[in-house]
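In what follows, a single structure is set out as structure tokens and then discussed.
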Amino acid sequence: MDLAERLSERERLRIAALHEYRLLDAPAGDELEAVVRVAATVAGVPNATLNLIDENRQCQLTTVGFEGGDSDRSDSMCAVHFESGRTTYVRDAGTDPLFRHNPWVTGVLAEVRFYASFPLVTPEGHALGSLCVFDDEPGELDGEQIERLEDLARIVLALFERRRQARINADLAALAEERQRWTDTLLETIDVAVVAADRNGQPTLFNRAAREWHGLDGPAGRYRLLETDGVTPLAPEREPLRRALREGGVKDAEMIIERPGREPLHVSVSGRALVGPGDVRRGAVVAMNDVTGARAQQRAIEEARRELAAANADLRRSNADLSNFAGAVSHDLIAPLTSVGGYLELIGDEVDGRPRQWAEAASRAVTRMRDLIGSLLGYAQAGSAPVRRATADLADLFEQVRTDLRPAAEAAGATVEAAGPLPVADGDPVLIRQLLQNLIGNAIKYRDPSRACRVTVAAEHGPAGWTVAVADNGLGIPSEQRQRVFEMFTRLGTGTAGGHGIGLSTCWRIVERHGGDIRVDETPGGGTTVLFTLPDRDGQNSGDRPL
């Protein structure tokens, strides 16, 4: 920064300091007028003035002995030396080379001869102007007069500073008052209850919400603070406001406010101590939030959980009973039926005519009963057996099912194949194998006798996981009945094939226990497509596995 720039910056700071005092074009006031009068008396001259110099002008704030006013800065005698911060004293300005051509000397503005100027310099070194004394006759000042006039210049600056500080204090007081009004308005507007206490723990402030919550705005009454059980009185040492004062702070403490003639409130309280100089606690303030509804909802949820746990326990017992029943059926019914079927075959071999027909009919009934019991057993196992999640290779499971159903498929002239690669999915391989076997077996069983049976299995990955489609070209299912087929013992009566209406119910239970869904759609060109989803575990995609 060169000299001109430094001078310009210094002048900018000086002007800023001058404007900070807010003296220009303002009344001088009694104290400053008195100081100027004393200055004239000390100097023994008739004229004195308090000059402030800004960017363009000299402002005579107050004068003695003449009527003051503003003049151009270039015409000012004080502007010549005031920035140096040193006293200027001239016995006869008419003979001084710096001042003899000045309009205040030549008679244009005045005919000054004796002249003395005492700069007004701030503690930061900024010259604001000067205290000036003068006469139209030459004169002199002794050393004591000069010292007293310099003292008066310092007094003027102190009065400037006092006036500035008074203004700042007034502004701060106004700001504090405005902030207090804003704070009071906020406290009265918000729906959070705020309570403050003094150093002795005695409440000193209840905002609007706090007054309402404590019943202080209504008829005279006494509120009570209770523990969260709503019965036990809250001990004084456990009151959140006192705790905040004693412990320095409190967070999320809960209590019940019992109000006269109104429902009690469950509140959550947080706050802290108000600390003054020397870490002395002057009081405390707390804020309260109404959690009555939230806690009621929480209690209700905890009650849905207890009821759900009880229902789950009942369901587990029911499943266990069903599993035990299935075991009993397997042992106590299927075994005797097998024995009955064997004896009926022996009887049929030994008789002819109508007795043989009766034996064969009874044998067929035994077979149907055994198949029904097997279906019920499969349904029970699908619902009660634990789901053992593992890597389920659908391609391998499909091959196993196709092998098991090959005799039935060959007898029906059915083609069973995969339409593209089948994936490795997440699930219970045993249950998924049962699921595929039921769906493919149904497709073969309910085929359209007017055309060759064709069954295809395909899989596609999407946001929900793997969707597996088992499609056939059979008789199809009317759209209004597609949801019913998953209900127990539902038989639509299509075709001549038998059935118990349990197979698709078993499929629904298997898919539901894997967290997926199952639905029935129409195969393009006629037939039924059953689609089921196997969700990915932890959102991870499974890989494809070709046939």
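Lettering and numbering for the structure tokens are positional, with chains as A, B, ... in the shown order, residues counted from 1 in each chain, and ligands counted from 1 in the shown order.
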DSSP-assigned strand (DSSP E or B) members of range 88-273 of chain A, reported as a PyMOL selection string: chain A and resi 88-90+114-121+127-135+193-198+203-206+224-226+233+249-258+265-273
All residues 10 Å or closer to range 272-279 of chain A, only C-alpha atoms, same chain fewer than 5 positions away omitted, as a PyMOL selection string: chain A and resi 196-199+240-251+284-287
Backbone-only DSSP, helix (DSSP H, G or I) members of range 85-334 of chain A, as a PyMOL selection string: chain A and resi 93-95+103-106+143-189+208-213+236-238+240-247+277-279+292-334
